[in-house]
>>> print(open('upload_22.csv').read())   # CSV, C-alpha atoms (C1' of nucleotides)
chain,number,residue,atom,x,y,z
A,1,MET,CA,0.0,0.0,0.0
A,2,PRO,CA,1.4,3.4,-0.9
A,3,PHE,CA,2.2,6.0,1.7
A,4,TRP,CA,2.3,9.8,1.6
A,5,LEU,CA,3.4,12.8,3.6
A,6,MET,CA,1.1,15.7,3.3
A,7,LYS,CA,1.9,19.2,4.6
A,8,SER,CA,-0.6,21.4,6.1
A,9,GLU,CA,-0.2,24.7,7.9
A,10,PRO,CA,-1.8,24.2,11.3
A,11,ALA,CA,-3.2,27.7,11.2
A,12,GLU,CA,-5.2,26.6,8.1
A,13,CYS,CA,-5.9,23.0,9.1
A,14,SER,CA,-4.2,21.3,12.0
A,15,ILE,CA,-4.5,17.6,13.0
A,16,ASP,CA,-6.9,18.8,15.7
A,17,ASP,CA,-9.1,20.4,13.1
A,18,ALA,CA,-9.1,17.2,11.1
A,19,VAL,CA,-9.9,15.0,14.1
A,20,ALA,CA,-12.7,17.4,15.0
A,21,ALA,CA,-14.2,17.4,11.5
A,22,PRO,CA,-17.2,15.3,10.6
A,23,HIS,CA,-16.0,11.7,10.1
A,24,ALA,CA,-12.5,13.2,11.0
A,25,THR,CA,-12.3,13.9,7.3
A,26,VAL,CA,-11.2,17.1,5.5
A,27,PRO,CA,-10.9,17.9,1.8
A,28,TRP,CA,-7.3,18.7,1.1
A,29,VAL,CA,-8.0,22.1,-0.5
A,30,GLY,CA,-5.6,24.6,-1.9
A,31,VAL,CA,-2.8,22.5,-3.5
A,32,ARG,CA,-1.7,24.6,-6.5
A,33,ASN,CA,1.3,22.7,-7.6
A,34,PHE,CA,1.1,20.4,-10.5
A,35,GLN,CA,3.3,17.6,-9.1
A,36,ALA,CA,1.4,17.5,-5.8
A,37,ARG,CA,-1.9,17.6,-7.8
A,38,ASN,CA,-0.8,14.7,-9.9
A,39,PHE,CA,-0.1,12.6,-6.9
A,40,MET,CA,-3.6,13.2,-5.6
A,41,ARG,CA,-5.3,12.9,-9.0
A,42,ASP,CA,-3.4,10.0,-10.5
A,43,GLN,CA,-1.8,8.0,-7.7
A,44,MET,CA,-3.6,8.1,-4.4
A,45,LYS,CA,-6.1,5.4,-3.6
A,46,ILE,CA,-8.6,5.1,-0.8
A,47,GLY,CA,-6.9,3.6,2.2
A,48,ASP,CA,-3.4,4.9,1.4
A,49,GLY,CA,-1.4,5.9,4.6
A,50,VAL,CA,-0.8,9.6,5.2
A,51,LEU,CA,1.6,11.3,7.5
A,52,PHE,CA,-0.1,14.5,8.5
A,53,TYR,CA,2.7,17.1,8.7
A,54,HIS,CA,2.5,20.6,10.2
A,55,SER,CA,4.5,23.2,8.3
A,56,SER,CA,5.2,26.9,8.6
A,57,CYS,CA,4.7,26.8,12.4
A,58,ALA,CA,6.8,26.9,15.6
A,59,VAL,CA,7.5,23.1,15.6
A,60,PRO,CA,7.3,21.7,12.1
A,61,GLY,CA,6.9,17.9,12.0
A,62,ILE,CA,4.5,15.0,11.8
A,63,ALA,CA,1.5,15.5,14.0
A,64,GLY,CA,-0.7,12.6,13.1
A,65,VAL,CA,-1.5,9.6,11.0
A,66,ALA,CA,-4.3,9.7,8.5
A,67,GLU,CA,-5.5,8.0,5.4
A,68,VAL,CA,-6.8,8.8,1.9
A,69,ALA,CA,-10.5,8.8,2.2
A,70,SER,CA,-11.9,9.4,-1.3
A,71,ALA,CA,-11.0,9.3,-4.9
A,72,SER,CA,-9.8,12.5,-6.4
A,73,TYR,CA,-12.3,15.2,-7.4
A,74,PRO,CA,-12.1,18.9,-8.4
A,75,ASP,CA,-11.1,21.4,-5.7
A,76,SER,CA,-14.2,23.6,-5.5
A,77,THR,CA,-12.1,26.5,-4.1
A,78,GLN,CA,-10.6,27.1,-7.5
A,79,PHE,CA,-14.0,28.4,-8.8
A,80,ASP,CA,-14.7,30.6,-5.8
A,81,PRO,CA,-13.6,34.2,-6.4
A,82,SER,CA,-13.7,34.9,-2.7
A,83,SER,CA,-11.3,32.1,-1.9
A,84,PRO,CA,-7.5,32.6,-1.6
A,85,TYR,CA,-7.2,29.5,-3.8
A,86,TYR,CA,-9.3,31.0,-6.6
A,87,ASP,CA,-7.9,30.3,-10.0
A,88,ALA,CA,-9.5,32.5,-12.7
A,89,ALA,CA,-7.9,30.4,-15.4
A,90,SER,CA,-9.6,27.2,-14.4
A,91,ARG,CA,-12.9,26.3,-16.0
A,92,PRO,CA,-15.5,24.1,-14.4
A,93,GLU,CA,-15.8,22.0,-17.5
A,94,LYS,CA,-12.1,21.4,-17.4
A,95,PRO,CA,-10.9,21.8,-13.8
A,96,ARG,CA,-7.2,22.4,-13.2
A,97,TRP,CA,-7.0,21.4,-9.5
A,98,TYR,CA,-8.0,18.1,-7.9
A,99,LEU,CA,-7.9,17.0,-4.3
A,100,VAL,CA,-8.7,14.0,-2.1
A,101,ASP,CA,-10.4,13.7,1.2
A,102,VAL,CA,-8.1,12.9,4.1
A,103,ARG,CA,-9.4,11.1,7.2
A,104,ALA,CA,-7.4,11.6,10.5
A,105,ARG,CA,-6.8,8.2,12.2
A,106,TYR,CA,-4.9,9.5,15.3
A,107,LYS,CA,-2.8,12.3,16.6
A,108,VAL,CA,0.8,11.8,17.7
A,109,GLU,CA,3.3,13.7,19.8
A,110,VAL,CA,4.8,15.8,17.1
A,111,PHE,CA,7.7,13.9,15.5
A,112,THR,CA,9.7,17.0,14.7
A,113,LEU,CA,11.5,17.9,11.5
A,114,ALA,CA,14.6,18.1,13.7
A,115,GLN,CA,14.1,14.5,15.0
A,116,MET,CA,13.6,13.4,11.4
A,117,ARG,CA,16.9,15.0,10.4
A,118,GLU,CA,18.6,13.3,13.4
A,119,THR,CA,17.3,9.8,12.4
A,120,PRO,CA,19.8,8.1,10.1
A,121,GLU,CA,17.3,5.8,8.6
A,122,LEU,CA,15.2,8.7,7.4
A,123,GLN,CA,17.8,10.7,5.5
A,124,GLU,CA,16.6,9.5,2.1
A,125,MET,CA,13.1,10.8,2.7
A,126,ARG,CA,12.1,13.2,-0.1
A,127,VAL,CA,10.7,15.7,2.3
A,128,LEU,CA,14.2,16.1,3.9
A,129,LYS,CA,16.0,16.7,0.6
A,130,ARG,CA,17.5,20.1,0.3
A,131,GLY,CA,15.3,22.7,-1.2
A,132,ASN,CA,12.2,20.4,-1.3
A,133,ARG,CA,9.1,22.5,-1.4
A,134,LEU,CA,6.6,19.9,-2.5
A,135,SER,CA,3.6,19.8,-0.1
A,136,ILE,CA,2.9,16.2,-0.9
A,137,THR,CA,5.6,13.5,-1.2
A,138,PRO,CA,5.6,9.7,-1.5
A,139,VAL,CA,6.9,7.9,1.6
A,140,GLU,CA,8.9,4.7,1.2
A,141,PRO,CA,7.4,1.7,3.1
A,142,PRO,CA,10.6,1.3,5.4
A,143,HIS,CA,10.3,5.0,6.4
A,144,TRP,CA,6.6,4.6,7.1
A,145,LYS,CA,7.2,1.6,9.2
A,146,LEU,CA,10.0,3.2,11.2
A,147,LEU,CA,8.1,6.3,11.8
A,148,LEU,CA,4.9,4.4,12.9
A,149,GLY,CA,7.1,2.5,15.4
A,150,ARG,CA,8.6,5.6,16.9
A,151,MET,CA,5.8,8.0,17.0
A,152,LYS,CA,3.7,8.2,20.2
A,153,ARG,CA,0.0,8.1,19.8
A,154,ILE,CA,-2.1,10.6,21.7
A,155,LYS,CA,-5.6,9.5,22.7
A,156,THR,CA,-8.3,11.9,21.5
A,157,ALA,CA,-12.0,12.0,22.0
A,158,LYS,CA,-12.6,11.4,18.4
A,159,ALA,CA,-10.7,9.4,15.8
B,160,DG,C1',12.2,39.1,8.8
B,161,DC,C1',15.6,36.7,6.0
B,162,DC,C1',16.7,34.1,2.3
B,163,DA,C1',17.7,29.7,-0.4
B,164,DA,C1',15.5,27.0,-3.5
B,165,DC,C1',12.7,26.3,-7.1
B,166,DG,C1',8.2,26.6,-9.8
B,167,DT,C1',5.8,29.6,-13.0
B,168,DT,C1',5.2,33.3,-16.2
B,169,DG,C1',5.9,35.8,-20.2
B,170,DG,C1',8.8,38.3,-23.5
B,171,DC,C1',11.4,37.2,-27.3
C,172,DG,C1',12.0,26.8,-26.6
C,173,DC,C1',15.0,29.7,-23.7
C,174,DC,C1',15.6,32.1,-19.7
C,175,DA,C1',15.2,36.3,-16.7
C,176,DA,C1',12.2,38.0,-13.5
C,177,DC,C1',9.1,37.2,-10.2
C,178,DG,C1',6.4,34.8,-6.6
C,179,DT,C1',6.0,31.2,-3.2
C,180,DT,C1',7.5,27.8,0.2
C,181,DG,C1',9.0,27.0,4.5
C,182,DG,C1',12.8,26.5,7.8
C,183,DC,C1',15.4,29.3,10.7
>>> encode(input="upload_22.csv", output="structure tokens")
Amino acid sequence: MPFWLMKSEPAECSIDDAVAAPHATVPWVGVRNFQARNFMRDQMKIGDGVLFYHSSCAVPGIAGVAEVASASYPDSTQFDPSSPYYDAASRPEKPRWYLVDVRARYKVEVFTLAQMRETPELQEMRVLKRGNRLSITPVEPPHWKLLLGRMKRIKTAKA
DNA sequence: GCCAACGTTGGC
DNA sequence: GCCAACGTTGGC
């Protein structure tokens, strides 16, 4: 089963927000990068594992475990002129941006970016490569397995 | 706030 | 199709 790391700014949508959402599920809106879009549109399958990563915040790192919860479909925010993700060049009959729903499974004590960098077995992770800016990256099964073994689950009311 | 890295745009 | 300028990401 394929695995992914998906970055979200917690100020926009944190793991807590995802856990608190109906069915602990959120549409992954706002991706405006073709490579990241292609991963969602062409490769993700329901049930794929997701590392829910917090970026652009005080302590960047993996904050939860989630899963792909839908097939891909057009991101409605691209057609909403009041949305920061509005794309005037995209037509409803030929949408440019697609997303998937992501369901939070559980929250973890943040496994920080610094910890990831300190873990020798994780050095080949794409997200750690210099200059990487992709908000969605594939995760190799050994990396997924190691991280799941090291991360500490936090019990929450939901999910 | 800084800035490296890199994707996108647009002139040619 | 090239490539300079520009904008964005995201850690620090």
>>> residues_around(input="upload_22.csv", residues="DT180 in chain C", least_positions_apart="6", cutoff="9 Å", atoms="all atoms listed in the file", output="ChimeraX atom specification")
/A:56,132-135 /B:164
>>> atom_distance(input="upload_22.csv", atom1="CA of Glu124 in chain A", atom2="CA of Gly47 in chain A")
24.2 Å
>>> atom_distance(input="upload_22.csv", atom1="CA of Met151 in chain A", atom2="CA of Glu12 in chain A")
23.4 Å
>>> atom_distance(input="upload_22.csv", atom1="C1' of DG182 in chain C", atom2="CA of Lys129 in chain A")
12.6 Å
>>> closest_residue(input="upload_22.csv", among="A:Met40, A:Ala18, A:Leu122, A:Ala58", to="DG181 in chain C", atoms="all atoms listed in the file")
A:Ala58
>>> interface_residues(input="upload_22.csv", of="chain B", to="chain A", cutoff="9 Å", atoms="all atoms listed in the file", output="list in words")
DA163, DA164, DC165 and DG166 of chain B
>>> write_last_selection(input="upload_22.csv", atoms="C-alpha atoms (C1' of nucleotides)", output="PDB file, in the frame of the given file")
ATOM      1  C1'  DA B 163      17.700  29.700  -0.400  1.00  0.00           C
ATOM      2  C1'  DA B 164      15.500  27.000  -3.500  1.00  0.00           C
ATOM      3  C1'  DC B 165      12.700  26.300  -7.100  1.00  0.00           C
ATOM      4  C1'  DG B 166       8.200  26.600  -9.800  1.00  0.00           C
TER       5       DG B 166
END
>>> closest_residue(input="upload_22.csv", among="A:Met44, A:Leu51, A:Ala24, A:Ala114", to="Lys145 in chain A", atoms="only C-alpha atoms")
A:Leu51
>>> closest_atom_pairs(input="upload_22.csv", of="range 18-102 of chain A", to="range 110-113 of chain A", cutoff="6 Å", atoms="only C-alpha atoms", output="JSON lines")
{"residue": "A:Pro60", "atom": "CA", "partner": "A:Leu113", "partner_atom": "CA", "distance": 5.7}
{"residue": "A:Gly61", "atom": "CA", "partner": "A:Thr112", "partner_atom": "CA", "distance": 4.0}
{"residue": "A:Ile62", "atom": "CA", "partner": "A:Phe111", "partner_atom": "CA", "distance": 5.0}
{"residue": "A:Ala63", "atom": "CA", "partner": "A:Val110", "partner_atom": "CA", "distance": 4.5}
>>> decode(input="upload_22.csv", residues="range 114-141 of chain A", atoms="N, CA, C and O atoms", output="PDB file, in the first residue's frame")
ATOM      1  N   ALA A 114      13.274  18.276  13.149  1.00  0.00           N
ATOM      2  CA  ALA A 114      14.626  18.116  13.710  1.00  0.00           C
ATOM      3  C   ALA A 114      14.885  16.649  14.045  1.00  0.00           C
ATOM      4  O   ALA A 114      15.959  16.119  13.752  1.00  0.00           O
ATOM      5  N   GLN A 115      13.898  15.970  14.650  1.00  0.00           N
ATOM      6  CA  GLN A 115      14.052  14.546  14.957  1.00  0.00           C
ATOM      7  C   GLN A 115      14.222  13.731  13.688  1.00  0.00           C
ATOM      8  O   GLN A 115      15.009  12.786  13.635  1.00  0.00           O
ATOM      9  N   MET A 116      13.444  14.086  12.671  1.00  0.00           N
ATOM     10  CA  MET A 116      13.558  13.377  11.400  1.00  0.00           C
ATOM     11  C   MET A 116      14.972  13.519  10.854  1.00  0.00           C
ATOM     12  O   MET A 116      15.573  12.559  10.392  1.00  0.00           O
ATOM     13  N   ARG A 117      15.514  14.735  10.931  1.00  0.00           N
ATOM     14  CA  ARG A 117      16.865  14.974  10.417  1.00  0.00           C
ATOM     15  C   ARG A 117      17.917  14.240  11.243  1.00  0.00           C
ATOM     16  O   ARG A 117      18.986  13.897  10.737  1.00  0.00           O
ATOM     17  N   GLU A 118      17.596  13.970  12.507  1.00  0.00           N
ATOM     18  CA  GLU A 118      18.554  13.277  13.378  1.00  0.00           C
ATOM     19  C   GLU A 118      18.481  11.765  13.217  1.00  0.00           C
ATOM     20  O   GLU A 118      19.283  11.047  13.806  1.00  0.00           O
ATOM     21  N   THR A 119      17.488  11.274  12.486  1.00  0.00           N
ATOM     22  CA  THR A 119      17.299   9.826  12.361  1.00  0.00           C
ATOM     23  C   THR A 119      17.975   9.317  11.092  1.00  0.00           C
ATOM     24  O   THR A 119      17.525   9.607   9.990  1.00  0.00           O
ATOM     25  N   PRO A 120      19.061   8.565  11.257  1.00  0.00           N
ATOM     26  CA  PRO A 120      19.844   8.149  10.084  1.00  0.00           C
ATOM     27  C   PRO A 120      19.002   7.413   9.039  1.00  0.00           C
ATOM     28  O   PRO A 120      19.173   7.642   7.839  1.00  0.00           O
ATOM     29  N   GLU A 121      18.083   6.566   9.500  1.00  0.00           N
ATOM     30  CA  GLU A 121      17.298   5.751   8.565  1.00  0.00           C
ATOM     31  C   GLU A 121      16.347   6.595   7.713  1.00  0.00           C
ATOM     32  O   GLU A 121      15.781   6.094   6.738  1.00  0.00           O
ATOM     33  N   LEU A 122      16.152   7.855   8.079  1.00  0.00           N
ATOM     34  CA  LEU A 122      15.172   8.674   7.354  1.00  0.00           C
ATOM     35  C   LEU A 122      15.817   9.654   6.389  1.00  0.00           C
ATOM     36  O   LEU A 122      15.112  10.437   5.732  1.00  0.00           O
ATOM     37  N   GLN A 123      17.134   9.613   6.299  1.00  0.00           N
ATOM     38  CA  GLN A 123      17.823  10.651   5.519  1.00  0.00           C
ATOM     39  C   GLN A 123      17.412  10.694   4.054  1.00  0.00           C
ATOM     40  O   GLN A 123      17.520  11.729   3.405  1.00  0.00           O
ATOM     41  N   GLU A 124      16.946   9.560   3.529  1.00  0.00           N
ATOM     42  CA  GLU A 124      16.568   9.533   2.120  1.00  0.00           C
ATOM     43  C   GLU A 124      15.135   9.989   1.867  1.00  0.00           C
ATOM     44  O   GLU A 124      14.671   9.999   0.728  1.00  0.00           O
ATOM     45  N   MET A 125      14.444  10.337   2.934  1.00  0.00           N
ATOM     46  CA  MET A 125      13.064  10.812   2.720  1.00  0.00           C
ATOM     47  C   MET A 125      13.072  12.058   1.849  1.00  0.00           C
ATOM     48  O   MET A 125      13.845  12.981   2.045  1.00  0.00           O
ATOM     49  N   ARG A 126      12.147  12.065   0.892  1.00  0.00           N
ATOM     50  CA  ARG A 126      12.108  13.166  -0.070  1.00  0.00           C
ATOM     51  C   ARG A 126      11.872  14.511   0.611  1.00  0.00           C
ATOM     52  O   ARG A 126      12.409  15.533   0.213  1.00  0.00           O
ATOM     53  N   VAL A 127      11.073  14.477   1.656  1.00  0.00           N
ATOM     54  CA  VAL A 127      10.717  15.724   2.320  1.00  0.00           C
ATOM     55  C   VAL A 127      11.940  16.358   3.003  1.00  0.00           C
ATOM     56  O   VAL A 127      11.944  17.551   3.283  1.00  0.00           O
ATOM     57  N   LEU A 128      12.973  15.548   3.237  1.00  0.00           N
ATOM     58  CA  LEU A 128      14.175  16.077   3.897  1.00  0.00           C
ATOM     59  C   LEU A 128      15.226  16.563   2.908  1.00  0.00           C
ATOM     60  O   LEU A 128      16.216  17.170   3.300  1.00  0.00           O
ATOM     61  N   LYS A 129      14.979  16.300   1.644  1.00  0.00           N
ATOM     62  CA  LYS A 129      15.968  16.702   0.644  1.00  0.00           C
ATOM     63  C   LYS A 129      16.064  18.220   0.575  1.00  0.00           C
ATOM     64  O   LYS A 129      15.060  18.928   0.677  1.00  0.00           O
ATOM     65  N   ARG A 130      17.280  18.673   0.353  1.00  0.00           N
ATOM     66  CA  ARG A 130      17.532  20.109   0.313  1.00  0.00           C
ATOM     67  C   ARG A 130      16.650  20.793  -0.730  1.00  0.00           C
ATOM     68  O   ARG A 130      16.546  20.343  -1.861  1.00  0.00           O
ATOM     69  N   GLY A 131      16.047  21.860  -0.312  1.00  0.00           N
ATOM     70  CA  GLY A 131      15.266  22.659  -1.230  1.00  0.00           C
ATOM     71  C   GLY A 131      13.895  22.101  -1.571  1.00  0.00           C
ATOM     72  O   GLY A 131      13.186  22.676  -2.383  1.00  0.00           O
ATOM     73  N   ASN A 132      13.550  20.976  -0.948  1.00  0.00           N
ATOM     74  CA  ASN A 132      12.249  20.408  -1.259  1.00  0.00           C
ATOM     75  C   ASN A 132      11.125  21.346  -0.819  1.00  0.00           C
ATOM     76  O   ASN A 132      11.094  21.819   0.304  1.00  0.00           O
ATOM     77  N   ARG A 133      10.211  21.597  -1.727  1.00  0.00           N
ATOM     78  CA  ARG A 133       9.082  22.464  -1.372  1.00  0.00           C
ATOM     79  C   ARG A 133       7.757  21.795  -1.680  1.00  0.00           C
ATOM     80  O   ARG A 133       6.709  22.395  -1.514  1.00  0.00           O
ATOM     81  N   LEU A 134       7.815  20.568  -2.149  1.00  0.00           N
ATOM     82  CA  LEU A 134       6.568  19.880  -2.497  1.00  0.00           C
ATOM     83  C   LEU A 134       5.743  19.633  -1.238  1.00  0.00           C
ATOM     84  O   LEU A 134       6.255  19.124  -0.251  1.00  0.00           O
ATOM     85  N   SER A 135       4.458  19.951  -1.309  1.00  0.00           N
ATOM     86  CA  SER A 135       3.621  19.792  -0.117  1.00  0.00           C
ATOM     87  C   SER A 135       3.110  18.367   0.033  1.00  0.00           C
ATOM     88  O   SER A 135       2.585  18.000   1.081  1.00  0.00           O
ATOM     89  N   ILE A 136       3.253  17.569  -1.022  1.00  0.00           N
ATOM     90  CA  ILE A 136       2.879  16.163  -0.932  1.00  0.00           C
ATOM     91  C   ILE A 136       4.028  15.343  -1.501  1.00  0.00           C
ATOM     92  O   ILE A 136       4.458  15.585  -2.630  1.00  0.00           O
ATOM     93  N   THR A 137       4.525  14.392  -0.722  1.00  0.00           N
ATOM     94  CA  THR A 137       5.611  13.546  -1.207  1.00  0.00           C
ATOM     95  C   THR A 137       5.312  12.093  -0.876  1.00  0.00           C
ATOM     96  O   THR A 137       4.719  11.798   0.163  1.00  0.00           O
ATOM     97  N   PRO A 138       5.727  11.174  -1.764  1.00  0.00           N
ATOM     98  CA  PRO A 138       5.568   9.746  -1.470  1.00  0.00           C
ATOM     99  C   PRO A 138       6.505   9.366  -0.324  1.00  0.00           C
ATOM    100  O   PRO A 138       7.562   9.964  -0.164  1.00  0.00           O
ATOM    101  N   VAL A 139       6.099   8.382   0.445  1.00  0.00           N
ATOM    102  CA  VAL A 139       6.907   7.887   1.562  1.00  0.00           C
ATOM    103  C   VAL A 139       7.215   6.416   1.308  1.00  0.00           C
ATOM    104  O   VAL A 139       6.306   5.624   1.013  1.00  0.00           O
ATOM    105  N   GLU A 140       8.481   6.048   1.417  1.00  0.00           N
ATOM    106  CA  GLU A 140       8.877   4.652   1.210  1.00  0.00           C
ATOM    107  C   GLU A 140       8.394   3.805   2.384  1.00  0.00           C
ATOM    108  O   GLU A 140       8.432   4.246   3.526  1.00  0.00           O
ATOM    109  N   PRO A 141       7.959   2.567   2.078  1.00  0.00           N
ATOM    110  CA  PRO A 141       7.448   1.703   3.146  1.00  0.00           C
ATOM    111  C   PRO A 141       8.377   1.573   4.359  1.00  0.00           C
ATOM    112  O   PRO A 141       7.874   1.614   5.495  1.00  0.00           O
TER     113      PRO A 141
END
